[in-house]
>>> print(open('query-v6.tsv').read())   # TSV, C-alpha atoms
chain	number	residue	atom	x	y	z
A	1	GLU	CA	240.34	130.17	116.13
A	2	THR	CA	236.89	131.61	116.86
A	3	GLY	CA	236.42	135.31	116.13
A	4	VAL	CA	234.46	137.88	118.10
A	5	THR	CA	230.74	137.18	118.11
A	6	GLN	CA	227.98	139.57	119.16
A	7	SER	CA	224.29	139.16	119.85
A	8	PRO	CA	221.71	140.18	118.97
A	9	THR	CA	222.56	141.51	115.51
A	10	HIS	CA	219.56	143.84	115.37
A	11	LEU	CA	217.07	145.06	117.93
A	12	ILE	CA	214.44	147.74	118.32
A	13	LYS	CA	213.59	149.37	121.65
A	14	THR	CA	211.50	152.29	122.77
A	15	ARG	CA	212.71	155.33	124.65
A	16	GLY	CA	213.14	154.65	128.38
A	17	GLN	CA	213.66	150.92	128.01
A	18	GLN	CA	216.81	149.00	128.92
A	19	VAL	CA	218.97	146.84	126.65
A	20	THR	CA	221.70	144.22	127.12
A	21	LEU	CA	224.14	143.41	124.35
A	22	ARG	CA	226.46	140.41	124.48
A	23	CYS	CA	229.93	139.66	123.18
A	24	SER	CA	232.17	136.61	123.09
A	25	SER	CA	235.81	137.52	122.71
A	26	GLN	CA	238.23	135.88	120.31
A	27	SER	CA	239.93	132.81	121.73
A	28	GLY	CA	242.88	133.79	123.94
A	29	HIS	CA	241.93	137.46	124.30
A	30	ASN	CA	241.37	138.69	127.85
A	31	THR	CA	240.54	142.33	127.08
A	32	VAL	CA	237.20	143.53	125.71
A	33	SER	CA	236.31	147.04	124.56
A	34	TRP	CA	232.97	148.46	123.53
A	35	TYR	CA	232.46	151.17	120.92
A	36	GLN	CA	229.42	153.08	119.71
A	37	GLN	CA	229.27	153.87	116.00
A	38	ALA	CA	226.62	156.35	114.92
A	39	LEU	CA	225.61	156.33	111.25
A	40	GLY	CA	228.35	157.81	109.09
A	41	GLN	CA	230.76	158.25	112.00
A	42	GLY	CA	233.80	156.53	113.40
A	43	PRO	CA	233.58	154.26	116.44
A	44	GLN	CA	233.51	156.08	119.80
A	45	PHE	CA	235.11	154.38	122.82
A	46	ILE	CA	232.65	153.50	125.60
A	47	PHE	CA	234.76	151.39	128.01
A	48	GLN	CA	237.23	148.56	128.28
A	49	TYR	CA	237.28	145.49	130.54
A	50	TYR	CA	240.35	143.54	131.57
A	51	ARG	CA	240.19	140.58	133.92
A	52	GLU	CA	236.58	141.38	134.83
A	53	GLU	CA	237.36	144.98	135.88
A	54	GLU	CA	236.56	148.20	134.03
A	55	ASN	CA	239.95	149.36	132.81
A	56	GLY	CA	239.01	152.71	131.33
A	57	ARG	CA	235.97	154.68	130.23
A	58	GLY	CA	235.14	157.17	127.51
A	59	ASN	CA	232.76	160.11	127.66
A	60	PHE	CA	229.55	158.16	128.21
A	61	PRO	CA	227.05	158.60	131.08
A	62	PRO	CA	226.70	156.06	133.92
A	63	ARG	CA	223.57	154.57	132.33
A	64	PHE	CA	226.06	152.78	130.06
A	65	SER	CA	227.49	149.93	132.13
A	66	GLY	CA	229.21	146.65	131.47
A	67	LEU	CA	230.41	143.34	132.77
A	68	GLN	CA	233.13	140.90	131.90
A	69	PHE	CA	232.87	137.26	132.88
A	70	PRO	CA	235.59	134.74	133.84
A	71	ASN	CA	235.55	133.34	130.28
A	72	TYR	CA	236.26	136.93	129.05
A	73	SER	CA	232.86	137.33	127.41
A	74	SER	CA	231.19	140.65	128.09
A	75	GLU	CA	227.89	142.52	128.28
A	76	LEU	CA	226.99	146.11	127.58
A	77	ASN	CA	223.92	147.41	129.39
A	78	VAL	CA	222.20	150.67	128.57
A	79	ASN	CA	219.43	151.98	130.83
A	80	ALA	CA	216.84	154.66	130.16
A	81	LEU	CA	217.35	154.51	126.40
A	82	GLU	CA	217.31	157.78	124.47
A	83	LEU	CA	216.74	158.32	120.76
A	84	ASP	CA	220.42	159.28	120.33
A	85	ASP	CA	221.46	155.85	121.57
A	86	SER	CA	220.46	154.48	118.17
A	87	ALA	CA	223.74	153.20	116.72
A	88	LEU	CA	225.86	150.18	115.88
A	89	TYR	CA	227.48	148.85	119.05
A	90	LEU	CA	230.80	147.17	118.39
A	91	CYS	CA	232.67	144.84	120.67
A	92	ALA	CA	236.39	144.36	120.17
A	93	SER	CA	238.70	141.93	121.90
A	94	SER	CA	242.47	142.15	122.16
A	95	TRP	CA	245.55	141.18	124.10
A	96	PRO	CA	246.50	143.88	126.58
A	97	ASN	CA	248.97	146.56	125.46
A	98	THR	CA	249.13	145.50	121.82
A	99	GLY	CA	246.77	148.06	120.32
A	100	GLU	CA	245.21	145.86	117.63
A	101	LEU	CA	241.46	145.45	118.04
A	102	PHE	CA	239.50	142.48	116.69
A	103	PHE	CA	235.92	143.60	116.10
A	104	GLY	CA	232.70	141.68	115.96
A	105	GLU	CA	230.05	142.53	113.39
A	106	GLY	CA	228.13	144.65	115.86
A	107	SER	CA	224.64	144.95	117.30
A	108	ARG	CA	222.47	147.53	115.58
A	109	LEU	CA	220.18	149.22	118.10
A	110	THR	CA	217.26	151.35	117.02
A	111	VAL	CA	215.48	153.40	119.68
A	112	LEU	CA	212.00	154.65	118.77
B	1	GLY	CA	240.67	166.34	124.26
B	2	GLU	CA	242.16	163.73	121.96
B	3	ASN	CA	241.02	163.97	118.38
B	4	VAL	CA	241.78	162.38	115.01
B	5	GLU	CA	240.77	164.26	111.87
B	6	GLN	CA	240.46	162.37	108.59
B	7	HIS	CA	240.22	163.60	104.99
B	8	PRO	CA	238.59	163.25	102.58
B	9	SER	CA	235.23	161.98	103.76
B	10	THR	CA	234.50	160.53	100.32
B	11	LEU	CA	236.94	159.45	97.61
B	12	SER	CA	236.10	158.11	94.18
B	13	VAL	CA	238.84	156.66	91.94
B	14	GLN	CA	239.05	154.67	88.74
B	15	GLU	CA	240.16	151.06	89.00
B	16	GLY	CA	243.95	150.91	88.81
B	17	ASP	CA	244.45	154.43	90.15
B	18	SER	CA	245.93	155.24	93.57
B	19	ALA	CA	244.01	156.43	96.61
B	20	VAL	CA	245.39	158.50	99.48
B	21	ILE	CA	243.70	159.17	102.81
B	22	LYS	CA	245.18	161.60	105.31
B	23	CYS	CA	244.81	161.91	109.07
B	24	THR	CA	245.97	164.25	111.79
B	25	TYR	CA	246.07	163.43	115.50
B	26	SER	CA	246.20	165.75	118.49
B	27	ASP	CA	247.58	163.65	121.37
B	28	SER	CA	251.38	163.78	121.16
B	29	ALA	CA	251.56	160.68	123.40
B	30	SER	CA	249.99	158.55	120.64
B	31	ASN	CA	252.43	155.94	119.39
B	32	TYR	CA	250.29	153.35	117.58
B	33	PHE	CA	248.40	154.17	114.36
B	34	PRO	CA	246.18	151.45	112.89
B	35	TRP	CA	244.02	151.60	109.79
B	36	TYR	CA	240.75	149.70	109.64
B	37	LYS	CA	238.54	148.76	106.69
B	38	GLN	CA	234.81	148.40	107.26
B	39	GLU	CA	232.64	146.72	104.66
B	40	LEU	CA	228.87	147.04	104.64
B	41	GLY	CA	227.26	145.19	107.55
B	42	LYS	CA	230.56	144.19	109.11
B	43	GLY	CA	232.83	145.35	111.89
B	44	PRO	CA	236.09	147.19	111.16
B	45	GLN	CA	239.05	144.99	110.27
B	46	LEU	CA	242.70	145.96	110.69
B	47	ILE	CA	244.49	146.24	107.34
B	48	ILE	CA	247.80	147.80	108.35
B	49	ASP	CA	249.34	149.61	111.30
B	50	ILE	CA	252.43	151.63	112.10
B	51	ARG	CA	254.21	152.45	115.33
B	52	SER	CA	255.89	155.72	116.14
B	53	ASN	CA	259.42	154.39	115.78
B	54	VAL	CA	258.84	153.76	112.07
B	55	GLY	CA	258.25	156.33	109.34
B	56	GLU	CA	256.82	154.08	106.65
B	57	LYS	CA	255.44	150.57	106.28
B	58	LYS	CA	254.29	148.69	103.20
B	59	ASP	CA	252.23	145.56	102.68
B	60	GLN	CA	251.66	144.68	99.02
B	61	ARG	CA	249.41	147.42	97.57
B	62	ILE	CA	248.99	149.24	100.87
B	63	ALA	CA	251.45	151.61	102.53
B	64	VAL	CA	251.30	153.94	105.51
B	65	THR	CA	253.50	156.91	106.32
B	66	LEU	CA	253.89	158.72	109.62
B	67	ASN	CA	255.22	162.21	110.31
B	68	LYS	CA	255.43	162.50	114.10
B	69	THR	CA	256.60	166.09	114.05
B	70	ALA	CA	253.56	167.22	112.10
B	71	LYS	CA	251.27	164.61	113.73
B	72	HIS	CA	250.19	163.42	110.30
B	73	PHE	CA	249.79	159.91	108.96
B	74	SER	CA	248.50	158.67	105.62
B	75	LEU	CA	247.23	155.54	103.90
B	76	HIS	CA	248.20	154.88	100.29
B	77	ILE	CA	246.48	152.22	98.20
B	78	THR	CA	247.99	151.55	94.77
B	79	GLU	CA	246.42	149.73	91.81
B	80	THR	CA	242.98	149.99	93.36
B	81	GLN	CA	240.44	147.25	92.70
B	82	PRO	CA	236.63	147.26	93.04
B	83	GLU	CA	236.93	145.10	96.17
B	84	ASP	CA	238.83	147.96	97.83
B	85	SER	CA	235.53	149.85	97.95
B	86	ALA	CA	234.67	150.27	101.65
B	87	VAL	CA	234.91	152.76	104.51
B	88	TYR	CA	238.42	153.27	105.87
B	89	PHE	CA	239.18	154.55	109.37
B	90	CYS	CA	242.44	155.86	110.71
B	91	ALA	CA	242.99	155.66	114.45
B	92	ALA	CA	245.49	156.53	117.16
B	93	SER	CA	246.24	155.11	120.57
B	94	VAL	CA	248.89	154.95	123.26
B	95	THR	CA	250.52	151.59	123.95
B	96	GLY	CA	249.41	150.52	127.41
B	97	GLY	CA	246.41	152.83	127.24
B	98	PHE	CA	242.84	151.66	127.08
B	99	LYS	CA	241.22	153.52	124.24
B	100	THR	CA	241.63	153.99	120.51
B	101	ILE	CA	240.52	157.26	118.93
B	102	PHE	CA	239.05	156.87	115.44
B	103	GLY	CA	238.71	159.32	112.59
B	104	ALA	CA	235.30	159.90	111.05
B	105	GLY	CA	236.04	157.62	108.10
B	106	THR	CA	236.60	157.85	104.35
B	107	ARG	CA	234.17	156.17	101.99
B	108	LEU	CA	236.22	154.89	99.05
B	109	PHE	CA	234.52	154.05	95.76
B	110	VAL	CA	236.58	152.23	93.12
B	111	LYS	CA	234.89	152.38	89.72
B	112	ALA	CA	235.47	149.49	87.36
>>> encode(input="query-v6.tsv", output="structure tokens")
Amino acid sequence: ETGVTQSPTHLIKTRGQQVTLRCSSQSGHNTVSWYQQALGQGPQFIFQYYREEENGRGNFPPRFSGLQFPNYSSELNVNALELDDSALYLCASSWPNTGELFFGEGSRLTVL
Amino acid sequence: GENVEQHPSTLSVQEGDSAVIKCTYSDSASNYFPWYKQELGKGPQLIIDIRSNVGEKKDQRIAVTLNKTAKHFSLHITETQPEDSAVYFCAASVTGGFKTIFGAGTRLFVKA
């Protein structure tokens, strides 16, 4: 059984740039959620995708967007990067309605 | 809005002692309460969970308790070992919902 994998693991961008983060869900999972974890904080919910549709969204601006593909992998796109976007971005896959999240190791984004 | 408060933020114990982490949630609709362990450089991993129809659950050295009336839940680790050192997050969600609300985390140090 393959776990959740994320890429890239680390990246550095400058303010105003755009970034795309990628996630492959665990085998059999059709739901993918994205979380932002600032240093020393708990993960904050960004959005969830189920069957290629956004299923719910947290308190993040529209410049945070996503996609889910037919194989259930997913992308997180962030436009017009701001310094406060510097964080660990976590992808989690799950079965719908079970609650348990299976996290990847995250993509650490630094915005300069 | 929904919120999960977690205490303490840092906890240092001697190997073999017990550790207790406490959380309070605000959304009375929450009915699933997972606990995640995050080691350095890794994503959070589920260690135990409890649903609202149960007051207590135990798995070897780890136990969770839930008081729905007071909206409190706690994690108890007995006979702590150095490998228990990590950051622990409590969380709350609603079955069938799309987001999980995390506490800010407790950094546990187990001294050998």
>>> interface_residues(input="query-v6.tsv", of="chain A", to="chain B", cutoff="8 Å", atoms="all atoms listed in the file", output="MDAnalysis selection string")
chainID A and resid 40:45 47:48 55:56 58 90 96:106
>>> residues_around(input="query-v6.tsv", residues="region 20-31 of chain A", least_positions_apart="3", cutoff="10 Å", atoms="only C-alpha atoms", output="JSON, numbers by chain")
{"A": [1, 2, 3, 4, 5, 6, 7, 8, 9, 11, 34, 48, 49, 50, 51, 52, 53, 54, 55, 65, 66, 67, 68, 69, 70, 71, 72, 73, 74, 75, 76, 77, 78, 79, 89, 90, 91, 92, 93, 94, 95, 96, 97, 101, 102, 103, 104, 106, 107, 108, 109], "B": [98]}
>>> residues_around(input="query-v6.tsv", residues="region 66-74 of chain B", least_positions_apart="6", cutoff="6 Å", atoms="all atoms listed in the file", output="PyMOL selection string")
chain B and resi 21-25+55
>>> atom_distance(input="query-v6.tsv", atom1="CA of Leu112 (chain A)", atom2="CA of Leu81 (chain A)")
9.3 Å
>>> atom_distance(input="query-v6.tsv", atom1="CA of Gln37 (chain A)", atom2="CA of Leu88 (chain A)")
5.0 Å
>>> atom_distance(input="query-v6.tsv", atom1="CA of Leu108 (chain B)", atom2="CA of Ile50 (chain B)")
21.1 Å
>>> closest_residue(input="query-v6.tsv", among="B:Leu11, B:Val110, B:Ala29, B:Val20", to="His76 (chain B)", atoms="all atoms listed in the file")
B:Val20
>>> axis_aligned_box(input="query-v6.tsv", around="region 59-63 of chain A", padding_each_side="4 Å", output="JSON")
{"center_x": 228.2, "center_y": 157.3, "center_z": 130.8, "size_x": 17.2, "size_y": 13.5, "size_z": 14.3}
>>> decode(input="query-v6.tsv", residues="region 11-74 of chain A", atoms="C-alpha atoms", output="PDB file, in the first residue's frame")
ATOM      1  CA  LEU A  11      11.018  25.297  -2.301  1.00  0.00           C
ATOM      2  CA  ILE A  12      11.841  28.976  -2.136  1.00  0.00           C
ATOM      3  CA  LYS A  13       9.848  31.650  -3.960  1.00  0.00           C
ATOM      4  CA  THR A  14       9.765  35.416  -3.962  1.00  0.00           C
ATOM      5  CA  ARG A  15       6.801  37.591  -3.122  1.00  0.00           C
ATOM      6  CA  GLY A  16       4.333  37.871  -6.008  1.00  0.00           C
ATOM      7  CA  GLN A  17       5.306  34.598  -7.637  1.00  0.00           C
ATOM      8  CA  GLN A  18       3.059  31.570  -8.109  1.00  0.00           C
ATOM      9  CA  VAL A  19       3.604  28.030  -6.813  1.00  0.00           C
ATOM     10  CA  THR A  20       2.138  24.584  -7.524  1.00  0.00           C
ATOM     11  CA  LEU A  21       2.393  21.778  -5.000  1.00  0.00           C
ATOM     12  CA  ARG A  22       1.548  18.183  -5.851  1.00  0.00           C
ATOM     13  CA  CYS A  23       0.120  15.251  -3.929  1.00  0.00           C
ATOM     14  CA  SER A  24      -0.504  11.598  -4.682  1.00  0.00           C
ATOM     15  CA  SER A  25      -3.133  10.104  -2.428  1.00  0.00           C
ATOM     16  CA  GLN A  26      -2.853   6.781  -0.643  1.00  0.00           C
ATOM     17  CA  SER A  27      -4.046   3.843  -2.705  1.00  0.00           C
ATOM     18  CA  GLY A  28      -7.842   3.535  -2.557  1.00  0.00           C
ATOM     19  CA  HIS A  29      -8.490   7.007  -1.127  1.00  0.00           C
ATOM     20  CA  ASN A  30     -10.712   9.271  -3.217  1.00  0.00           C
ATOM     21  CA  THR A  31     -10.715  12.336  -0.952  1.00  0.00           C
ATOM     22  CA  VAL A  32      -7.827  14.783  -0.636  1.00  0.00           C
ATOM     23  CA  SER A  33      -7.515  17.672   1.811  1.00  0.00           C
ATOM     24  CA  TRP A  34      -4.893  20.390   2.003  1.00  0.00           C
ATOM     25  CA  TYR A  35      -3.689  22.030   5.205  1.00  0.00           C
ATOM     26  CA  GLN A  36      -1.322  24.901   5.924  1.00  0.00           C
ATOM     27  CA  GLN A  37       0.900  24.547   8.989  1.00  0.00           C
ATOM     28  CA  ALA A  38       2.733  27.668  10.090  1.00  0.00           C
ATOM     29  CA  LEU A  39       5.787  27.201  12.315  1.00  0.00           C
ATOM     30  CA  GLY A  40       4.762  26.168  15.817  1.00  0.00           C
ATOM     31  CA  GLN A  41       1.065  25.948  14.935  1.00  0.00           C
ATOM     32  CA  GLY A  42      -1.477  23.271  14.188  1.00  0.00           C
ATOM     33  CA  PRO A  43      -2.574  22.509  10.625  1.00  0.00           C
ATOM     34  CA  GLN A  44      -5.200  24.897   9.207  1.00  0.00           C
ATOM     35  CA  PHE A  45      -7.741  23.527   6.714  1.00  0.00           C
ATOM     36  CA  ILE A  46      -7.489  25.034   3.223  1.00  0.00           C
ATOM     37  CA  PHE A  47      -9.886  22.882   1.154  1.00  0.00           C
ATOM     38  CA  GLN A  48     -10.975  19.362   0.352  1.00  0.00           C
ATOM     39  CA  TYR A  49     -11.528  17.611  -2.979  1.00  0.00           C
ATOM     40  CA  TYR A  50     -13.784  14.639  -3.578  1.00  0.00           C
ATOM     41  CA  ARG A  51     -14.280  13.110  -7.001  1.00  0.00           C
ATOM     42  CA  GLU A  52     -12.524  16.050  -8.668  1.00  0.00           C
ATOM     43  CA  GLU A  53     -14.815  18.671  -7.089  1.00  0.00           C
ATOM     44  CA  GLU A  54     -14.037  21.087  -4.255  1.00  0.00           C
ATOM     45  CA  ASN A  55     -16.026  19.698  -1.358  1.00  0.00           C
ATOM     46  CA  GLY A  56     -15.418  22.398   1.222  1.00  0.00           C
ATOM     47  CA  ARG A  57     -13.137  25.341   1.896  1.00  0.00           C
ATOM     48  CA  GLY A  58     -11.567  26.975   4.920  1.00  0.00           C
ATOM     49  CA  ASN A  59     -10.843  30.639   5.510  1.00  0.00           C
ATOM     50  CA  PHE A  60      -8.312  31.132   2.717  1.00  0.00           C
ATOM     51  CA  PRO A  61      -8.491  33.710  -0.111  1.00  0.00           C
ATOM     52  CA  PRO A  62      -9.272  32.755  -3.733  1.00  0.00           C
ATOM     53  CA  ARG A  63      -5.593  32.946  -4.693  1.00  0.00           C
ATOM     54  CA  PHE A  64      -5.393  29.508  -3.064  1.00  0.00           C
ATOM     55  CA  SER A  65      -6.873  27.071  -5.575  1.00  0.00           C
ATOM     56  CA  GLY A  66      -6.706  23.386  -6.260  1.00  0.00           C
ATOM     57  CA  LEU A  67      -7.395  20.516  -8.574  1.00  0.00           C
ATOM     58  CA  GLN A  68      -8.055  16.833  -8.229  1.00  0.00           C
ATOM     59  CA  PHE A  69      -7.403  14.456 -11.087  1.00  0.00           C
ATOM     60  CA  PRO A  70      -9.197  11.225 -12.099  1.00  0.00           C
ATOM     61  CA  ASN A  71      -6.503   9.169 -10.339  1.00  0.00           C
ATOM     62  CA  TYR A  72      -7.297  11.178  -7.147  1.00  0.00           C
ATOM     63  CA  SER A  73      -3.952  12.976  -7.114  1.00  0.00           C
ATOM     64  CA  SER A  74      -4.187  16.676  -6.403  1.00  0.00           C
TER      65      SER A  74
END
